[in-house]
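Peer 1: Provided herewith is a single structure, encoded as structure tokens, for subsequent inquiry.
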Amino acid sequence: MMLKNEKAIIVFSGGQDSTTCLFWAMKQFKEVEAVTFNYNQRHVTEIECAKNIASELGIKHHILDMSLLNQLAPNALTRDDIEVKDGEEGELPSTFVPGRNLLFMSFAGVLARQVNAKHIVTGVCETDFSGYPDCRDIFIKSLNVTLNLSMDAQFVIHTPLMWINKAETWEMADDLGAFEFVQEKTLTCYNGIIAEGCGECPACKLRQKGLDDYLEIRGER
Ligand SMILES: [Zn+2]
């Protein structure tokens with residue numbers, strides 16, 4: 001599907017997933033603008049990292065203040081005194097912020113309307129389902145309808161990563177000619193370390209495992 005003449009807004013964090021989606025979007029659309037939400041993430045590095053990537057790729061970048069999120073729902077991503085850990089069986093992880101994606105996607109919709117973009121791109125993914133209910137495909141589809149009804153618009157939400165795993169996300173970056181870029185310039189680590197990260201936190205472990213799996217597959221070709 002080529003939509004060369006149209007414009008897209010991408011929800012962009014500077015991480016592996018959204019950076020891969022950014023390269024995807026740059027190929028699909030004539031014009032892409034990025035939006036990053038600032039909600040007092042543990043590390044200012046995250047905002048800086050997103051800024052640097054957008055500027056290097058020549059992408060117009062909007063940074064929206066969402067610090068109210070921390071007021072509503074203190075959690076491990078915004079508070080130093082809450083440990084980052086995976087959820088126990090049947091529990092949500094400590095990084096879960098209730099309604100975060102609902103809010104982010106809604107604000108992205110309002111921004112899309114404002115800048116006249118028909119398309120909204122997000123790197124959410126159901127495959128490595130980490131327990132965030134508002135990252136599921138059913139939620140995105142439902143929100144797409146809601147956004148269109150609320151603004152009498154015809155947005156199309158794109159989720160290029162929805163059904164692929166972490167190894168396949170690396171493959172997508174590679175196919176887009178962005179493998180090294182994603183490897184060297186993105187931030188996934190909960191401890192705020194760019195590229196390879198701390199190697200210890202759940203996000204680093206997931207990223208590394210995906211990379212190892214992909215390199216193994218690539219090596220076998
Ligand atoms: Zn880490």
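The way I read the labels, and the way they are meant: chains A, B, ... in the order of the structure tokens, residue 1 as the first residue of every chain, and ligand 1 as the first ligand shown, with later ones counted on from there.
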So that I can see what lies close to Met172 of chain A, please list as a list of chain:residue names the residues with an atom at most 8 Å from it, counting only C-alpha atoms and leaving out residues fewer than 4 positions away in the same chain.
Peer 2: A:Thr20, A:Glu168, A:Leu176
Peer 1: Quick one: everything within 9 Å of segment 34-43 of chain A, counting only C-alpha atoms, minus sequence neighbours fewer than 5 positions away in the same chain. Send it as number ranges by chain.
Peer 2: A: 8-14, 22, 50-51, 54, 59-70, 76-80, 104, 108, 111, 190-192
Peer 1: For the residues in the current selection, export N, CA and C atoms as an mmCIF file, in the first residue's frame.
Peer 2:
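The resulting file, selection09.cif, is shown below:
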```cif
data_model
loop_
_atom_site.group_PDB
_atom_site.id
_atom_site.type_symbol
_atom_site.label_atom_id
_atom_site.label_comp_id
_atom_site.auth_asym_id
_atom_site.auth_seq_id
_atom_site.Cartn_x
_atom_site.Cartn_y
_atom_site.Cartn_z
ATOM 1 N N ALA A 8 1.213 11.896 7.423
ATOM 2 C CA ALA A 8 1.010 11.074 8.620
ATOM 3 C C ALA A 8 1.639 11.709 9.852
ATOM 4 N N ILE A 9 1.004 11.424 10.971
ATOM 5 C CA ILE A 9 1.572 11.749 12.281
ATOM 6 C C ILE A 9 2.020 10.431 12.903
ATOM 7 N N ILE A 10 3.234 10.402 13.433
ATOM 8 C CA ILE A 10 3.674 9.177 14.095
ATOM 9 C C ILE A 10 3.892 9.429 15.582
ATOM 10 N N VAL A 11 3.354 8.537 16.392
ATOM 11 C CA VAL A 11 3.587 8.599 17.827
ATOM 12 C C VAL A 11 4.983 8.037 18.073
ATOM 13 N N PHE A 12 5.868 8.914 18.557
ATOM 14 C CA PHE A 12 7.296 8.622 18.509
ATOM 15 C C PHE A 12 7.967 8.777 19.868
ATOM 16 N N SER A 13 8.638 7.700 20.326
ATOM 17 C CA SER A 13 9.283 7.767 21.641
ATOM 18 C C SER A 13 10.805 7.786 21.548
ATOM 19 N N GLY A 14 11.333 7.515 20.353
ATOM 20 C CA GLY A 14 12.793 7.394 20.238
ATOM 21 C C GLY A 14 13.279 5.979 20.517
ATOM 22 N N LEU A 22 8.919 4.847 12.158
ATOM 23 C CA LEU A 22 9.191 6.136 11.514
ATOM 24 C C LEU A 22 9.807 5.910 10.128
ATOM 25 N N ALA A 50 14.660 11.166 21.262
ATOM 26 C CA ALA A 50 13.620 11.341 20.234
ATOM 27 C C ALA A 50 13.893 12.598 19.417
ATOM 28 N N LYS A 51 14.266 13.659 20.115
ATOM 29 C CA LYS A 51 14.560 14.942 19.452
ATOM 30 C C LYS A 51 15.697 14.774 18.441
ATOM 31 N N ALA A 54 14.653 12.702 15.347
ATOM 32 C CA ALA A 54 13.769 13.472 14.454
ATOM 33 C C ALA A 54 14.576 14.513 13.686
ATOM 34 N N ILE A 59 12.667 15.394 10.381
ATOM 35 C CA ILE A 59 11.233 15.229 10.638
ATOM 36 C C ILE A 59 10.761 16.328 11.588
ATOM 37 N N LYS A 60 9.661 16.972 11.243
ATOM 38 C CA LYS A 60 9.087 17.964 12.146
ATOM 39 C C LYS A 60 8.607 17.253 13.423
ATOM 40 N N HIS A 61 8.973 17.807 14.564
ATOM 41 C CA HIS A 61 8.779 17.093 15.825
ATOM 42 C C HIS A 61 7.967 17.925 16.810
ATOM 43 N N HIS A 62 6.886 17.371 17.276
ATOM 44 C CA HIS A 62 6.059 18.030 18.295
ATOM 45 C C HIS A 62 6.297 17.326 19.625
ATOM 46 N N ILE A 63 6.566 18.103 20.677
ATOM 47 C CA ILE A 63 6.684 17.493 22.003
ATOM 48 C C ILE A 63 5.553 18.045 22.864
ATOM 49 N N LEU A 64 4.691 17.170 23.316
ATOM 50 C CA LEU A 64 3.538 17.609 24.093
ATOM 51 C C LEU A 64 3.716 17.260 25.571
ATOM 52 N N ASP A 65 3.391 18.213 26.404
ATOM 53 C CA ASP A 65 3.505 18.021 27.844
ATOM 54 C C ASP A 65 2.338 17.189 28.364
ATOM 55 N N MET A 66 2.655 16.008 28.886
ATOM 56 C CA MET A 66 1.612 15.136 29.426
ATOM 57 C C MET A 66 1.915 14.798 30.884
ATOM 58 N N SER A 67 2.505 15.760 31.581
ATOM 59 C CA SER A 67 2.928 15.473 32.951
ATOM 60 C C SER A 67 1.740 15.164 33.867
ATOM 61 N N LEU A 68 0.549 15.540 33.442
ATOM 62 C CA LEU A 68 -0.626 15.224 34.253
ATOM 63 C C LEU A 68 -0.792 13.717 34.431
ATOM 64 N N LEU A 69 -0.211 12.968 33.500
ATOM 65 C CA LEU A 69 -0.316 11.513 33.586
ATOM 66 C C LEU A 69 0.279 10.980 34.891
ATOM 67 N N ASN A 70 1.386 11.597 35.297
ATOM 68 C CA ASN A 70 2.041 11.164 36.520
ATOM 69 C C ASN A 70 1.223 11.536 37.754
ATOM 70 N N ALA A 76 6.176 2.989 37.585
ATOM 71 C CA ALA A 76 7.616 2.739 37.547
ATOM 72 C C ALA A 76 8.356 3.537 36.473
ATOM 73 N N LEU A 77 7.641 4.015 35.449
ATOM 74 C CA LEU A 77 8.337 4.767 34.407
ATOM 75 C C LEU A 77 8.565 6.209 34.803
ATOM 76 N N THR A 78 7.758 6.700 35.738
ATOM 77 C CA THR A 78 7.846 8.114 36.073
ATOM 78 C C THR A 78 8.379 8.353 37.481
ATOM 79 N N ARG A 79 8.466 7.303 38.266
ATOM 80 C CA ARG A 79 8.887 7.504 39.657
ATOM 81 C C ARG A 79 10.099 6.644 39.985
ATOM 82 N N ASP A 80 11.085 7.265 40.592
ATOM 83 C CA ASP A 80 12.314 6.546 40.916
ATOM 84 C C ASP A 80 12.117 5.527 42.033
ATOM 85 N N PHE A 104 -2.589 9.101 24.684
ATOM 86 C CA PHE A 104 -1.609 9.471 23.658
ATOM 87 C C PHE A 104 -2.232 9.440 22.262
ATOM 88 N N ALA A 108 -2.786 12.451 19.710
ATOM 89 C CA ALA A 108 -2.208 12.334 18.364
ATOM 90 C C ALA A 108 -3.290 12.610 17.315
ATOM 91 N N LEU A 111 -3.918 16.341 17.150
ATOM 92 C CA LEU A 111 -2.798 16.960 16.433
ATOM 93 C C LEU A 111 -2.885 16.674 14.929
ATOM 94 N N TYR A 190 15.086 0.909 30.246
ATOM 95 C CA TYR A 190 14.420 1.609 31.353
ATOM 96 C C TYR A 190 15.411 2.415 32.192
ATOM 97 N N ASN A 191 16.714 2.108 32.041
ATOM 98 C CA ASN A 191 17.709 2.868 32.784
ATOM 99 C C ASN A 191 18.335 3.992 31.955
ATOM 100 N N GLY A 192 17.719 4.273 30.820
ATOM 101 C CA GLY A 192 18.098 5.465 30.062
ATOM 102 C C GLY A 192 19.400 5.373 29.295
#
```
Peer 1: Can you tell me which residues come within 10 Å of ligand 1 when counting only C-alpha atoms and all ligand atoms, ideally as a JSON list (two decimals) with N, CA and C atoms, in the first residue's frame?
Peer 2:
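Result written to pocket-v3.json:
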```
[["chain", "number", "residue", "atom", "x", "y", "z"],
["A", 187, "LEU", "N", 16.59, 4.34, 21.98],
["A", 187, "LEU", "CA", 16.62, 4.09, 23.42],
["A", 187, "LEU", "C", 15.42, 3.25, 23.83],
["A", 188, "THR", "N", 15.70, 2.06, 24.33],
["A", 188, "THR", "CA", 14.64, 1.17, 24.81],
["A", 188, "THR", "C", 14.76, 0.96, 26.31],
["A", 189, "CYS", "N", 15.99, 1.09, 26.80],
["A", 189, "CYS", "CA", 16.34, 0.73, 28.17],
["A", 189, "CYS", "C", 15.61, 1.57, 29.24],
["A", 190, "TYR", "N", 15.09, 0.91, 30.25],
["A", 190, "TYR", "CA", 14.42, 1.61, 31.35],
["A", 190, "TYR", "C", 15.41, 2.41, 32.19],
["A", 191, "ASN", "N", 16.71, 2.11, 32.04],
["A", 191, "ASN", "CA", 17.71, 2.87, 32.78],
["A", 191, "ASN", "C", 18.33, 3.99, 31.96],
["A", 192, "GLY", "N", 17.72, 4.27, 30.82],
["A", 192, "GLY", "CA", 18.10, 5.46, 30.06],
["A", 192, "GLY", "C", 19.40, 5.37, 29.29],
["A", 193, "ILE", "N", 19.84, 4.16, 28.97],
["A", 193, "ILE", "CA", 21.09, 4.01, 28.23],
["A", 193, "ILE", "C", 20.79, 3.69, 26.76],
["A", 194, "ILE", "N", 21.27, 4.60, 25.88],
["A", 194, "ILE", "CA", 20.99, 4.47, 24.45],
["A", 194, "ILE", "C", 21.69, 3.25, 23.86],
["A", 195, "ALA", "N", 21.18, 2.79, 22.72],
["A", 195, "ALA", "CA", 21.72, 1.66, 21.95],
["A", 195, "ALA", "C", 21.60, 0.35, 22.74],
["A", 196, "GLU", "N", 22.71, -0.26, 23.11],
["A", 196, "GLU", "CA", 22.64, -1.58, 23.74],
["A", 196, "GLU", "C", 21.99, -1.59, 25.11],
["A", 197, "GLY", "N", 21.97, -0.45, 25.79],
["A", 197, "GLY", "CA", 21.30, -0.35, 27.07],
["A", 197, "GLY", "C", 22.08, -0.96, 28.22],
["A", 198, "CYS", "N", 21.38, -1.14, 29.36],
["A", 198, "CYS", "CA", 22.04, -1.66, 30.56],
["A", 198, "CYS", "C", 22.18, -3.17, 30.51],
["A", 199, "GLY", "N", 21.36, -3.81, 29.68],
["A", 199, "GLY", "CA", 21.43, -5.26, 29.55],
["A", 199, "GLY", "C", 20.72, -6.01, 30.66],
["A", 200, "GLU", "N", 20.20, -5.29, 31.64],
["A", 200, "GLU", "CA", 19.62, -5.93, 32.82],
["A", 200, "GLU", "C", 18.10, -5.78, 32.92],
["A", 201, "CYS", "N", 17.58, -4.65, 32.46],
["A", 201, "CYS", "CA", 16.15, -4.38, 32.67],
["A", 201, "CYS", "C", 15.31, -5.21, 31.69],
["A", 202, "PRO", "N", 14.00, -5.37, 31.96],
["A", 202, "PRO", "CA", 13.16, -6.19, 31.09],
["A", 202, "PRO", "C", 13.17, -5.71, 29.63],
["A", 203, "ALA", "N", 13.21, -4.39, 29.43],
["A", 203, "ALA", "CA", 13.20, -3.86, 28.05],
["A", 203, "ALA", "C", 14.47, -4.24, 27.30],
["A", 204, "CYS", "N", 15.61, -4.16, 28.00],
["A", 204, "CYS", "CA", 16.89, -4.53, 27.37],
["A", 204, "CYS", "C", 16.91, -6.00, 27.02],
["A", 205, "LYS", "N", 16.41, -6.83, 27.94],
["A", 205, "LYS", "CA", 16.43, -8.27, 27.70],
["A", 205, "LYS", "C", 15.58, -8.63, 26.50],
["A", 206, "LEU", "N", 14.42, -8.00, 26.39],
["A", 206, "LEU", "CA", 13.51, -8.26, 25.26],
["A", 206, "LEU", "C", 14.16, -7.81, 23.95],
["A", 207, "ARG", "N", 14.78, -6.62, 23.98],
["A", 207, "ARG", "CA", 15.42, -6.09, 22.77],
["A", 207, "ARG", "C", 16.57, -6.99, 22.33],
["A", 208, "GLN", "N", 17.40, -7.40, 23.29],
["A", 208, "GLN", "CA", 18.56, -8.23, 22.98],
["A", 208, "GLN", "C", 18.15, -9.60, 22.44]]
```
Peer 1: As an exercise, work out the distance from atom CA of Leu72 of chain A to atom CA of Thr122 of chain A in Å and give it to one decimal place.
Peer 2: 23.2 Å
Peer 1: Measure the distance from atom CA of Gln114 of chain A to atom CA of Leu161 of chain A in Å and round it to one decimal.
Peer 2: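 Computing the Euclidean distance for atom CA of Gln114 of chain A and atom CA of Leu161 of chain A yields 25.8 Å.
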Peer 1: Using backbone DSSP assignments, extract all strand (DSSP E or B) residues from chain A; output them as a PDB file with N, CA and C atoms, in the first residue's frame.
Peer 2:
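Printed below is selection_34.pdb as written:
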```pdb
ATOM      1  N   LEU A   3       1.006   5.291  -0.137  1.00  0.00           N
ATOM      2  CA  LEU A   3       0.151   6.460   0.075  1.00  0.00           C
ATOM      3  C   LEU A   3       1.002   7.704  -0.066  1.00  0.00           C
ATOM      4  N   LYS A   4       1.748   7.728  -1.126  1.00  0.00           N
ATOM      5  CA  LYS A   4       2.789   8.729  -1.318  1.00  0.00           C
ATOM      6  C   LYS A   4       2.329  10.171  -1.176  1.00  0.00           C
ATOM      7  N   ASN A   5       1.070  10.422  -1.494  1.00  0.00           N
ATOM      8  CA  ASN A   5       0.649  11.818  -1.506  1.00  0.00           C
ATOM      9  C   ASN A   5       0.057  12.293  -0.194  1.00  0.00           C
ATOM     10  N   GLU A   6       0.075  11.437   0.810  1.00  0.00           N
ATOM     11  CA  GLU A   6      -0.629  11.814   2.017  1.00  0.00           C
ATOM     12  C   GLU A   6       0.310  12.045   3.192  1.00  0.00           C
ATOM     13  N   LYS A   7      -0.276  12.572   4.236  1.00  0.00           N
ATOM     14  CA  LYS A   7       0.529  12.995   5.374  1.00  0.00           C
ATOM     15  C   LYS A   7       0.196  12.157   6.611  1.00  0.00           C
ATOM     16  N   ALA A   8       1.213  11.896   7.423  1.00  0.00           N
ATOM     17  CA  ALA A   8       1.010  11.074   8.620  1.00  0.00           C
ATOM     18  C   ALA A   8       1.639  11.709   9.852  1.00  0.00           C
ATOM     19  N   ILE A   9       1.004  11.424  10.971  1.00  0.00           N
ATOM     20  CA  ILE A   9       1.572  11.749  12.281  1.00  0.00           C
ATOM     21  C   ILE A   9       2.020  10.431  12.903  1.00  0.00           C
ATOM     22  N   ILE A  10       3.234  10.402  13.433  1.00  0.00           N
ATOM     23  CA  ILE A  10       3.674   9.177  14.095  1.00  0.00           C
ATOM     24  C   ILE A  10       3.892   9.429  15.582  1.00  0.00           C
ATOM     25  N   VAL A  11       3.354   8.537  16.392  1.00  0.00           N
ATOM     26  CA  VAL A  11       3.587   8.599  17.827  1.00  0.00           C
ATOM     27  C   VAL A  11       4.983   8.037  18.073  1.00  0.00           C
ATOM     28  N   PHE A  29       4.617   7.636   3.153  1.00  0.00           N
ATOM     29  CA  PHE A  29       3.896   8.905   3.054  1.00  0.00           C
ATOM     30  C   PHE A  29       4.768  10.033   2.533  1.00  0.00           C
ATOM     31  N   LYS A  30       4.096  10.991   1.915  1.00  0.00           N
ATOM     32  CA  LYS A  30       4.805  12.135   1.368  1.00  0.00           C
ATOM     33  C   LYS A  30       5.412  12.953   2.493  1.00  0.00           C
ATOM     34  N   GLU A  31       4.643  13.072   3.574  1.00  0.00           N
ATOM     35  CA  GLU A  31       5.088  13.921   4.669  1.00  0.00           C
ATOM     36  C   GLU A  31       4.806  13.227   6.003  1.00  0.00           C
ATOM     37  N   VAL A  32       5.779  13.283   6.897  1.00  0.00           N
ATOM     38  CA  VAL A  32       5.600  12.667   8.211  1.00  0.00           C
ATOM     39  C   VAL A  32       6.002  13.673   9.285  1.00  0.00           C
ATOM     40  N   GLU A  33       5.161  13.812  10.300  1.00  0.00           N
ATOM     41  CA  GLU A  33       5.530  14.599  11.474  1.00  0.00           C
ATOM     42  C   GLU A  33       5.451  13.686  12.690  1.00  0.00           C
ATOM     43  N   ALA A  34       6.351  13.903  13.647  1.00  0.00           N
ATOM     44  CA  ALA A  34       6.393  13.029  14.820  1.00  0.00           C
ATOM     45  C   ALA A  34       5.853  13.763  16.045  1.00  0.00           C
ATOM     46  N   VAL A  35       5.242  12.992  16.940  1.00  0.00           N
ATOM     47  CA  VAL A  35       4.819  13.571  18.219  1.00  0.00           C
ATOM     48  C   VAL A  35       5.341  12.709  19.367  1.00  0.00           C
ATOM     49  N   THR A  36       5.970  13.378  20.338  1.00  0.00           N
ATOM     50  CA  THR A  36       6.489  12.701  21.524  1.00  0.00           C
ATOM     51  C   THR A  36       5.796  13.275  22.745  1.00  0.00           C
ATOM     52  N   PHE A  37       5.412  12.405  23.653  1.00  0.00           N
ATOM     53  CA  PHE A  37       4.714  12.845  24.859  1.00  0.00           C
ATOM     54  C   PHE A  37       5.673  12.889  26.038  1.00  0.00           C
ATOM     55  N   ASN A  38       5.733  14.025  26.659  1.00  0.00           N
ATOM     56  CA  ASN A  38       6.604  14.197  27.816  1.00  0.00           C
ATOM     57  C   ASN A  38       5.775  14.048  29.084  1.00  0.00           C
ATOM     58  N   LYS A  60       9.661  16.972  11.243  1.00  0.00           N
ATOM     59  CA  LYS A  60       9.087  17.964  12.146  1.00  0.00           C
ATOM     60  C   LYS A  60       8.607  17.253  13.423  1.00  0.00           C
ATOM     61  N   HIS A  61       8.973  17.807  14.564  1.00  0.00           N
ATOM     62  CA  HIS A  61       8.779  17.093  15.825  1.00  0.00           C
ATOM     63  C   HIS A  61       7.967  17.925  16.810  1.00  0.00           C
ATOM     64  N   HIS A  62       6.886  17.371  17.276  1.00  0.00           N
ATOM     65  CA  HIS A  62       6.059  18.030  18.295  1.00  0.00           C
ATOM     66  C   HIS A  62       6.297  17.326  19.625  1.00  0.00           C
ATOM     67  N   ILE A  63       6.566  18.103  20.677  1.00  0.00           N
ATOM     68  CA  ILE A  63       6.684  17.493  22.003  1.00  0.00           C
ATOM     69  C   ILE A  63       5.553  18.045  22.864  1.00  0.00           C
ATOM     70  N   LEU A  64       4.691  17.170  23.316  1.00  0.00           N
ATOM     71  CA  LEU A  64       3.538  17.609  24.093  1.00  0.00           C
ATOM     72  C   LEU A  64       3.716  17.260  25.571  1.00  0.00           C
ATOM     73  N   ASP A  65       3.391  18.213  26.404  1.00  0.00           N
ATOM     74  CA  ASP A  65       3.505  18.021  27.844  1.00  0.00           C
ATOM     75  C   ASP A  65       2.338  17.189  28.364  1.00  0.00           C
ATOM     76  N   HIS A 119      -3.299  10.231   8.347  1.00  0.00           N
ATOM     77  CA  HIS A 119      -2.808   8.967   8.874  1.00  0.00           C
ATOM     78  C   HIS A 119      -2.125   9.133  10.228  1.00  0.00           C
ATOM     79  N   ILE A 120      -2.324   8.139  11.085  1.00  0.00           N
ATOM     80  CA  ILE A 120      -1.669   8.124  12.390  1.00  0.00           C
ATOM     81  C   ILE A 120      -0.949   6.775  12.501  1.00  0.00           C
ATOM     82  N   VAL A 121       0.345   6.834  12.824  1.00  0.00           N
ATOM     83  CA  VAL A 121       1.140   5.605  12.888  1.00  0.00           C
ATOM     84  C   VAL A 121       1.595   5.376  14.325  1.00  0.00           C
ATOM     85  N   VAL A 156      -6.870   7.158   9.404  1.00  0.00           N
ATOM     86  CA  VAL A 156      -6.534   5.744   9.311  1.00  0.00           C
ATOM     87  C   VAL A 156      -5.363   5.507  10.259  1.00  0.00           C
ATOM     88  N   ILE A 157      -5.559   4.655  11.251  1.00  0.00           N
ATOM     89  CA  ILE A 157      -4.464   4.336  12.169  1.00  0.00           C
ATOM     90  C   ILE A 157      -3.696   3.133  11.621  1.00  0.00           C
ATOM     91  N   HIS A 158      -2.369   3.281  11.543  1.00  0.00           N
ATOM     92  CA  HIS A 158      -1.513   2.195  11.049  1.00  0.00           C
ATOM     93  C   HIS A 158      -0.676   1.633  12.194  1.00  0.00           C
TER      94      HIS A 158
END
```
Peer 1: Atom CA of Asn101 of chain A and atom CA of Asp134 of chain A are how many Å apart?
Peer 2: 5.8 Å
Peer 1: Nearest to Gly210 of chain A among A:Glu46, A:Asp137, A:Glu171, A:Glu184, with distances taken over only C-alpha atoms: which residue is it?
Peer 2: A:Glu171
Peer 1: What's the 9 Å shell around Ala173 of chain A, counting only C-alpha atoms, without same-chain residues fewer than 2 positions away, as a VMD selection string?
Peer 2: chain A and resid 19 to 21 23 to 24 168 to 171 175 to 182
Peer 1: Write out as an MDAnalysis selection string the set of residues from segment 9-208 of chain A that DSSP, computed on the backbone, places in alpha helix (DSSP H).
Peer 2: chainID A and resid 16:28 45:56 68:72 100:114 137:151 166:175 179:185 202:208
Peer 1: Tell me which protein, DNA and RNA residues are within 7 Å of segment 140-154 of chain A, counting only C-alpha atoms, leaving out same-chain ones fewer than 4 positions away, and put them as number ranges by chain.
Peer 2: A: 109, 118, 136
Peer 1: Which is closest to Ala117 of chain A among A:Leu103, A:Val44, A:Phe155, A:Tyr132, if we use only C-alpha atoms?
Peer 2: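 Answer, going by the shortest atom-to-atom distance: A:Phe155.
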